[in-house]
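A.B. asks: Input upload31.cif, format and content: mmCIF, C-alpha atoms.
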```
data_my_file
#
loop_
_atom_site.label_atom_id
_atom_site.label_comp_id
_atom_site.auth_asym_id
_atom_site.auth_seq_id
_atom_site.Cartn_x
_atom_site.Cartn_y
_atom_site.Cartn_z
CA MET A 1 23.47 -9.19 77.46
CA ASN A 2 21.90 -10.76 74.38
CA ARG A 3 24.78 -10.66 71.93
CA HIS A 4 27.53 -13.31 71.99
CA LEU A 5 30.78 -12.55 73.74
CA SER A 6 33.23 -10.70 71.53
CA ASN A 7 36.78 -11.89 70.90
CA GLU A 8 38.04 -9.19 73.23
CA GLU A 9 35.66 -10.29 75.98
CA ILE A 10 36.66 -13.92 75.65
CA SER A 11 40.36 -12.99 75.71
CA ALA A 12 39.79 -10.70 78.68
CA TRP A 13 38.01 -13.54 80.48
CA ALA A 14 40.87 -15.93 79.80
CA GLY A 15 43.28 -13.25 80.95
CA GLY A 16 41.49 -13.01 84.28
CA GLU A 17 39.08 -10.12 83.76
CA VAL A 18 35.42 -11.10 83.85
CA SER A 19 32.61 -8.59 83.90
CA PRO A 20 29.30 -9.51 85.57
CA ALA A 21 27.52 -9.01 82.23
CA CYS A 22 29.82 -11.51 80.49
CA GLU A 23 29.37 -13.98 83.31
CA GLU A 24 25.64 -13.72 83.06
CA HIS A 25 25.71 -14.22 79.30
CA ALA A 26 28.00 -17.25 79.57
CA ARG A 27 25.62 -18.87 82.04
CA GLU A 28 22.83 -18.63 79.49
CA CYS A 29 24.72 -19.14 76.21
CA ALA A 30 26.03 -22.66 75.62
CA GLU A 31 27.95 -21.54 72.52
CA CYS A 32 29.96 -18.86 74.34
CA ARG A 33 30.38 -21.14 77.35
CA GLY A 34 31.72 -23.88 75.09
CA GLU A 35 34.12 -21.46 73.41
CA LEU A 36 35.40 -20.28 76.79
CA GLU A 37 35.73 -23.80 78.15
CA ARG A 38 37.74 -24.92 75.11
CA LEU A 39 40.12 -21.99 75.45
CA LEU A 40 40.54 -22.26 79.22
CA SER A 41 40.96 -26.01 79.00
CA ALA A 42 43.65 -25.68 76.29
CA LEU A 43 45.49 -23.07 78.34
CA GLY A 44 45.38 -25.33 81.39
CA GLU A 45 46.66 -28.27 79.35
CA PHE A 46 49.40 -26.07 77.95
CA ARG A 47 50.44 -25.08 81.48
CA GLY A 48 50.56 -28.72 82.56
CA ALA A 49 52.45 -29.76 79.43
CA ALA A 50 54.98 -26.91 79.74
CA ARG A 51 55.67 -27.81 83.35
CA ALA A 52 55.94 -31.52 82.56
CA TRP A 53 58.35 -30.76 79.73
CA SER A 54 60.39 -28.48 81.97
CA ARG A 55 60.63 -31.26 84.59
CA SER A 56 61.71 -33.70 81.88
CA GLN A 57 64.54 -31.26 81.01
CA GLY A 58 65.83 -31.31 84.58
CA ALA A 59 64.19 -28.17 85.96
CA GLU A 60 63.98 -29.62 89.45
CA ALA A 61 67.66 -30.46 89.60
CA VAL A 62 69.65 -27.50 90.83
CA PRO A 63 73.29 -28.06 89.85
CA HIS A 64 75.02 -29.57 92.90
CA ASP A 65 78.09 -27.42 92.61
CA TRP A 66 76.14 -24.21 92.29
CA ARG A 67 77.78 -21.48 94.33
CA PRO A 68 77.50 -17.75 93.65
CA SER A 69 81.25 -17.35 93.52
CA ARG A 70 81.58 -20.21 91.06
CA ALA A 71 78.46 -19.59 89.05
CA ARG A 72 78.71 -18.99 85.35
CA ARG A 73 82.06 -20.67 85.18
CA PHE A 74 82.42 -20.97 81.43
CA ARG A 75 78.67 -21.36 81.05
CA SER A 76 78.36 -18.65 78.47
CA PRO A 77 79.59 -19.67 75.02
CA VAL A 78 81.42 -16.35 74.69
CA ILE A 79 83.30 -16.98 77.93
CA ARG A 80 83.92 -20.59 76.92
CA TRP A 81 85.48 -19.44 73.66
CA ALA A 82 87.42 -16.67 75.39
CA ALA A 83 88.77 -19.20 77.88
CA ALA A 84 89.70 -21.56 75.04
CA ALA A 85 91.47 -18.70 73.22
CA ALA A 86 93.36 -17.80 76.40
CA VAL A 87 94.46 -21.43 76.85
CA LEU A 88 95.55 -21.56 73.19
CA ALA A 89 97.47 -18.31 73.55
CA LEU A 90 99.19 -19.63 76.67
CA ALA A 91 100.02 -22.91 74.96
CA THR A 92 101.58 -21.00 72.04
CA ALA A 93 103.35 -18.39 74.13
CA ALA A 94 104.83 -20.76 76.72
CA PRO A 95 107.33 -22.53 74.37
CA LEU A 96 108.30 -19.16 72.84
CA TYR A 97 108.91 -17.74 76.28
CA ARG A 98 110.85 -20.84 77.28
CA ASN A 99 113.03 -20.58 74.13
CA SER A 100 113.68 -16.92 74.74
CA LEU A 101 114.58 -17.65 78.36
CA GLU A 102 116.95 -20.43 77.29
CA ARG A 103 118.59 -18.20 74.67
CA ARG A 104 119.08 -15.49 77.28
CA ARG A 105 120.61 -17.97 79.72
CA ALA A 106 122.94 -19.35 77.01
CA ALA A 107 124.11 -15.83 76.08
CA GLN A 108 124.70 -15.05 79.74
CA ALA A 109 126.68 -18.29 80.18
CA ALA A 110 128.79 -17.50 77.08
CA ALA A 111 129.54 -13.99 78.36
CA THR A 112 130.55 -15.41 81.75
CA ALA A 113 132.79 -17.99 80.02
CA ARG A 114 134.45 -15.25 77.95
CA ALA A 115 135.04 -13.15 81.05
CA ASP A 116 136.46 -16.19 82.86
CA THR A 117 138.82 -16.94 79.93
CA LEU A 118 140.07 -13.36 79.86
CA LEU A 119 140.59 -13.40 83.60
CA LEU A 120 142.53 -16.69 83.39
CA GLN A 121 144.65 -15.33 80.53
CA GLN A 122 145.41 -12.28 82.62
CA VAL A 123 146.29 -14.43 85.63
CA ASP A 124 148.53 -16.63 83.46
CA PHE A 125 150.29 -13.56 82.13
CA GLU A 126 150.76 -12.17 85.65
CA ILE A 127 152.15 -15.45 86.90
CA SER A 128 154.52 -15.78 83.94
CA GLN A 129 156.17 -12.45 84.83
CA ALA A 130 159.28 -12.63 87.10
CA VAL A 131 158.31 -9.44 88.83
CA PRO A 132 155.00 -7.60 88.96
CA VAL A 133 154.36 -5.37 85.98
CA PRO A 134 154.59 -2.08 87.94
CA MET A 135 158.06 -3.08 89.19
CA GLU A 136 159.45 -3.87 85.75
CA PRO A 137 161.01 -0.39 85.18
CA LEU A 138 162.76 -0.61 88.56
CA VAL A 139 164.04 -4.10 87.77
CA SER A 140 165.36 -2.91 84.46
CA LEU A 141 167.13 -0.01 86.17
CA ILE A 142 168.70 -2.39 88.67
CA SER A 143 169.68 -4.89 86.03
CA GLN A 144 171.33 -2.25 83.76
CA PRO A 145 174.29 -1.38 86.08
CA ASP A 146 174.78 -5.10 86.69
CA SER A 147 175.24 -5.66 83.01
CA SER A 148 177.67 -2.70 82.73
CA ASN A 149 179.63 -4.07 85.70
CA THR A 150 179.83 -7.44 84.12
CA SER A 151 181.14 -5.96 80.92
CA GLN A 152 183.68 -3.88 82.86
CA GLN A 153 184.82 -6.98 84.80
CA GLY A 154 185.16 -8.83 81.56
CA THR A 155 187.32 -6.04 80.11
CA ALA A 156 189.52 -5.98 83.25
CA LYS A 157 190.19 -9.66 82.93
CA MET B 1 51.23 -21.16 93.10
CA GLU B 2 54.92 -21.06 93.93
CA GLN B 3 54.88 -17.35 94.55
CA VAL B 4 56.08 -16.49 98.04
CA SER B 5 55.29 -13.06 99.40
CA SER B 6 58.00 -10.78 100.74
CA LEU B 7 56.42 -11.13 104.19
CA GLU B 8 57.03 -14.87 104.12
CA VAL B 9 60.61 -14.45 102.91
CA PRO B 10 62.17 -11.52 104.76
CA ALA B 11 65.19 -9.95 103.11
CA ARG B 12 67.49 -11.51 105.72
CA GLU B 13 66.52 -14.95 104.45
CA LEU B 14 68.43 -14.08 101.30
CA ASP B 15 71.48 -14.78 103.45
CA ASP B 16 70.67 -18.46 103.04
CA PHE B 17 71.04 -18.10 99.33
CA ASP B 18 71.33 -21.80 98.64
CA ALA B 19 67.81 -22.23 99.99
CA VAL B 20 66.59 -19.43 97.71
CA VAL B 21 68.22 -21.13 94.73
CA ARG B 22 66.68 -24.49 95.61
CA GLN B 23 63.24 -22.94 95.94
CA TYR B 24 63.20 -20.74 92.84
CA TRP B 25 65.54 -22.52 90.42
CA PRO B 26 62.77 -24.68 88.85
CA ARG B 27 60.65 -21.63 88.16
CA VAL B 28 63.40 -19.49 86.67
CA PHE B 29 64.73 -22.41 84.62
CA ARG B 30 61.23 -23.26 83.37
CA PHE B 31 60.49 -19.70 82.28
CA ALA B 32 63.79 -19.51 80.40
CA LEU B 33 63.22 -22.94 78.86
CA VAL B 34 59.71 -22.27 77.56
CA SER B 35 60.80 -18.85 76.31
CA LEU B 36 63.92 -20.00 74.45
CA ARG B 37 63.29 -23.75 73.98
CA ASP B 38 66.96 -24.32 74.53
CA ARG B 39 67.99 -26.31 77.58
CA ASP B 40 71.60 -25.08 77.70
CA ALA B 41 70.54 -21.47 77.34
CA ALA B 42 67.89 -21.95 80.03
CA GLU B 43 70.47 -23.33 82.46
CA THR B 44 72.89 -20.50 81.68
CA ILE B 45 70.16 -17.94 82.24
CA ALA B 46 69.09 -19.56 85.52
CA GLN B 47 72.70 -19.45 86.73
CA ASP B 48 73.10 -15.82 85.62
CA CYS B 49 69.83 -14.92 87.27
CA PHE B 50 70.89 -16.24 90.68
CA LEU B 51 74.39 -14.86 90.32
CA ARG B 52 73.00 -11.38 89.71
CA ALA B 53 70.47 -11.78 92.49
CA HIS B 54 73.27 -12.82 94.85
CA ARG B 55 75.34 -9.78 93.92
CA ALA B 56 72.35 -7.47 94.32
CA ARG B 57 70.83 -9.14 97.39
CA ALA B 58 71.78 -6.24 99.62
CA MET B 59 69.54 -4.03 97.50
CA PHE B 60 66.50 -6.28 97.87
CA ARG B 61 64.17 -4.43 100.22
CA GLY B 62 61.17 -6.67 99.86
CA GLU B 63 58.99 -4.14 98.02
CA ALA B 64 58.21 -6.87 95.52
CA ALA B 65 57.90 -10.56 96.31
CA LEU B 66 61.21 -12.39 96.08
CA GLY B 67 59.84 -14.57 93.27
CA THR B 68 58.75 -11.51 91.29
CA TRP B 69 62.15 -9.88 91.81
CA LEU B 70 63.91 -12.99 90.54
CA MET B 71 61.52 -13.27 87.60
CA ARG B 72 62.28 -9.67 86.68
CA ILE B 73 65.96 -10.54 86.47
CA ALA B 74 65.12 -13.66 84.44
CA VAL B 75 62.85 -11.72 82.06
CA ASN B 76 65.64 -9.22 81.39
CA LEU B 77 68.16 -11.99 80.80
CA VAL B 78 65.85 -13.83 78.40
CA ARG B 79 65.19 -10.57 76.55
CA ASP B 80 68.90 -9.78 76.32
CA HIS B 81 69.60 -13.31 75.14
CA THR B 82 66.95 -13.03 72.44
CA ARG B 83 68.15 -9.63 71.30
CA ASN B 84 71.85 -10.21 71.54
CA ARG B 85 72.82 -10.70 67.93
CA ARG B 86 76.41 -11.34 68.88
CA LEU B 87 75.33 -14.68 70.30
CA ARG B 88 73.56 -15.79 67.15
CA PHE B 89 76.73 -17.23 65.64
CA TRP B 90 77.40 -19.26 68.76
CA GLU B 91 73.81 -20.37 68.92
CA ARG B 92 74.04 -21.79 65.43
CA ALA B 93 77.26 -23.53 66.29
CA ARG B 94 75.84 -25.13 69.40
CA GLN B 95 73.56 -28.10 69.72
CA ALA B 96 70.24 -27.52 67.97
CA PRO B 97 67.59 -26.18 70.34
CA VAL B 98 64.95 -28.51 71.65
CA ASP B 99 62.57 -29.49 68.89
CA LEU B 100 59.12 -28.01 69.25
CA ALA B 101 57.54 -31.37 68.50
CA ASP B 102 59.35 -32.86 71.50
CA ALA B 103 58.00 -30.19 73.77
CA ALA B 104 54.50 -30.38 72.37
CA GLY B 105 54.50 -34.16 72.64
CA ILE B 106 54.88 -34.08 76.40
CA LEU B 107 51.63 -33.80 78.31
CA ALA B 108 50.89 -33.60 81.99
CA ASP B 109 49.95 -37.08 83.15
CA GLY B 110 46.18 -36.91 83.53
CA GLY B 111 45.23 -40.54 83.02
CA ALA B 112 43.06 -39.61 80.02
CA SER B 113 41.85 -42.01 77.33
CA ALA B 114 43.87 -42.46 74.13
CA GLU B 115 41.40 -40.37 72.10
CA ALA B 116 41.40 -37.62 74.71
CA VAL B 117 45.19 -37.63 74.73
CA VAL B 118 45.28 -37.14 70.95
CA LEU B 119 42.92 -34.17 71.18
CA GLN B 120 44.81 -32.79 74.13
CA ARG B 121 48.08 -33.09 72.23
CA GLU B 122 46.60 -31.20 69.28
CA ARG B 123 45.43 -28.39 71.52
CA VAL B 124 48.76 -28.16 73.29
CA GLN B 125 50.60 -28.18 69.97
CA ALA B 126 48.39 -25.35 68.76
CA VAL B 127 49.30 -23.26 71.80
CA TRP B 128 53.03 -24.03 71.44
CA ALA B 129 52.88 -23.13 67.74
CA ALA B 130 51.04 -19.90 68.50
CA THR B 131 53.53 -18.85 71.17
CA ALA B 132 56.39 -19.50 68.77
CA THR B 133 55.05 -16.84 66.41
CA LEU B 134 54.29 -14.23 69.06
CA PRO B 135 56.38 -11.07 69.34
CA GLU B 136 58.81 -11.21 72.27
CA ARG B 137 56.82 -9.11 74.74
CA GLN B 138 53.54 -10.85 74.01
CA ARG B 139 55.19 -14.22 74.44
CA THR B 140 56.79 -13.18 77.74
CA VAL B 141 53.50 -11.91 79.13
CA PHE B 142 51.63 -14.97 77.88
CA LEU B 143 54.12 -17.41 79.43
CA LEU B 144 54.23 -15.56 82.75
CA ARG B 145 50.44 -15.62 82.87
CA PHE B 146 49.70 -19.12 81.65
CA VAL B 147 52.78 -21.12 82.64
CA GLU B 148 53.94 -19.26 85.74
CA ASP B 149 50.42 -18.41 86.85
CA MET B 150 51.29 -14.80 87.67
CA ASP B 151 48.59 -12.16 87.84
CA LEU B 152 48.67 -8.95 85.82
CA LEU B 153 50.23 -6.87 88.61
CA GLU B 154 52.98 -9.40 89.18
CA ILE B 155 53.66 -9.53 85.46
CA ALA B 156 53.80 -5.75 85.35
CA ALA B 157 56.35 -5.79 88.20
CA ALA B 158 58.39 -8.54 86.56
CA THR B 159 58.46 -6.96 83.11
CA GLY B 160 58.60 -3.30 84.09
CA MET B 161 55.53 -2.60 81.92
CA ALA B 162 52.44 -0.69 82.97
CA GLU B 163 49.52 -2.92 83.89
CA GLY B 164 47.53 -1.65 80.90
CA THR B 165 50.40 -2.55 78.56
CA VAL B 166 50.58 -6.03 80.07
CA LYS B 167 46.85 -6.43 79.52
CA ALA B 168 47.12 -5.31 75.90
CA HIS B 169 49.97 -7.74 75.18
CA LEU B 170 48.14 -10.58 76.90
CA PHE B 171 44.94 -10.05 74.95
CA ARG B 172 46.80 -9.86 71.64
CA ALA B 173 48.62 -13.09 72.50
CA LEU B 174 45.34 -14.77 73.39
CA GLN B 175 43.85 -13.60 70.10
CA ALA B 176 46.76 -15.22 68.27
CA VAL B 177 46.25 -18.46 70.18
CA ARG B 178 42.54 -18.49 69.42
CA GLU B 179 43.21 -17.82 65.75
CA ARG B 180 45.55 -20.83 65.75
CA PHE B 181 42.75 -22.90 67.27
CA GLY B 182 40.50 -21.72 64.47
CA GLU B 183 43.01 -23.01 61.92
CA ARG B 184 43.12 -26.42 63.59
CA GLN B 185 39.39 -26.85 64.05
#
```
In structure tokens, how does this file's structure come out?
C.D. replies:
Amino acid sequence: MNRHLSNEEISAWAGGEVSPACEEHARECAECRGELERLLSALGEFRGAARAWSRSQGAEAVPHDWRPSRARRFRSPVIRWAAAAAVLALATAAPLYRNSLERRRAAQAAATARADTLLLQQVDFEISQAVPVPMEPLVSLISQPDSSNTSQQGTAK
Amino acid sequence: MEQVSSLEVPARELDDFDAVVRQYWPRVFRFALVSLRDRDAAETIAQDCFLRAHRARAMFRGEAALGTWLMRIAVNLVRDHTRNRRLRFWERARQAPVDLADAAGILADGGASAEAVVLQRERVQAVWAATATLPERQRTVFLLRFVEDMDLLEIAAATGMAEGTVKAHLFRALQAVRERFGERQ
């Protein structure tokens, strides 16, 4: 092959595809060989630099607490924000819930107190009666003749 | 090459998942890091990758090498991350991604002379700059080939592209890199 290597042939070579004709030309052509060497050398340096940079960013250090069940715990920003929103919602809702619970308990206590007062009033009333309420008509019947007798006795005297 | 064939890592060895994570974490993290240039995002993607692999480990039959299977998950996650516009807001709000100059300034320790180091740094910067401007698929193929040292068939398996498509993307990416060299020289 007399002509220089084309751009496509040089790229194909760097990508791993080398034809025998290209190889033969590169052996004889210092210009094409130099072009290839520069490209391959730069790509090799890039690989080394990318790996060195990755190591400097902690690529070799697997997080110690990595476990499949615990992975991605709040790693994603969306989940982090969702978790923060949930915490905020809980923090806001908890006092409201507590207030509502306290109000409900207070109302319940007031109702119980009212019921107790009524019951006590009823008990007081029952106790204050000489005879039980259902027996009152009978007592009045019994007491009526007594009063007539008394009046008759008074008249006789 | 860190690639381990499926014959060397039978599917039952996925039961020792911690060992799998220890072995492949650097590679998955590195691919995500060089693709996104964001350390936090790279770590999140590495965690997601192994979480998904752990959930799907029963489905791994060893048709592809374990490393290729993991890289396929990582490639999909990086692609989703890049495309997911919903995350853009959060990305802006987070710490600024790693500066390209920082990445390009780091070279593999080769014990070269000061002059050689300057030239080497220029070449490496040119490649970093070229990859930054590549379309997503070209960049993925380029990084898998020239950082992860994967061959075309492995890249095809990891990206789900046909081998011919991988080749086309790789050559276009190399053209872009060579054009960037031309600008520097």
A.B. asks: If you apply the PyMOL selection byres ((chain A) within 6 of (chain B)) to this file, what residues do you get, as a PyMOL selection string?
C.D. replies: chain A and resi 11+42+46-49+52-54+59-60+68+75
A.B. asks: Only C-alpha atoms, please: the residues just picked out, written as a compact mmCIF listing (two decimals), in the frame of the given file.
C.D. replies:
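That gives us result.txt:
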```txt
# COMPACT_ATOMS: atom_id res chain seq x y z
CA SER A 11 40.36 -12.99 75.71
CA ALA A 42 43.65 -25.68 76.29
CA PHE A 46 49.40 -26.07 77.95
CA ARG A 47 50.44 -25.08 81.48
CA GLY A 48 50.56 -28.72 82.56
CA ALA A 49 52.45 -29.76 79.43
CA ALA A 52 55.94 -31.52 82.56
CA TRP A 53 58.35 -30.76 79.73
CA SER A 54 60.39 -28.48 81.97
CA ALA A 59 64.19 -28.17 85.96
CA GLU A 60 63.98 -29.62 89.45
CA PRO A 68 77.50 -17.75 93.65
CA ARG A 75 78.67 -21.36 81.05
```
A.B. asks: Could you check which residues have any atom within 12 Å of (34.3, -6.5, 78.5), counting all atoms listed in the file with coordinates taken straight from the file, and then list them as a PyMOL selection string?
C.D. replies: (chain A and resi 1+4-23+25) or (chain B and resi 171)
A.B. asks: Measuring between only C-alpha atoms, which one of B:Val78, B:Ala176, B:Ala56, B:Ala116 shows the shortest distance to Ser35 (chain B)?
C.D. replies: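 Of the candidates, the smallest distance to Ser35 (chain B) is held by B:Val78.
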A.B. asks: Which distance in Å separates CA of Glu31 (chain A) and CA of Glu179 (chain B), to one decimal?
C.D. replies: 17.1 Å
A.B. asks: Work out how far apart CA of Arg79 (chain B) and CA of Arg137 (chain B) are and give it in Å to one decimal.
C.D. replies: 8.7 Å
A.B. asks: One decimal, Å: what's the distance from CA of Leu153 (chain B) over to CA of Ala26 (chain A), could you say?
C.D. replies: 26.1 Å
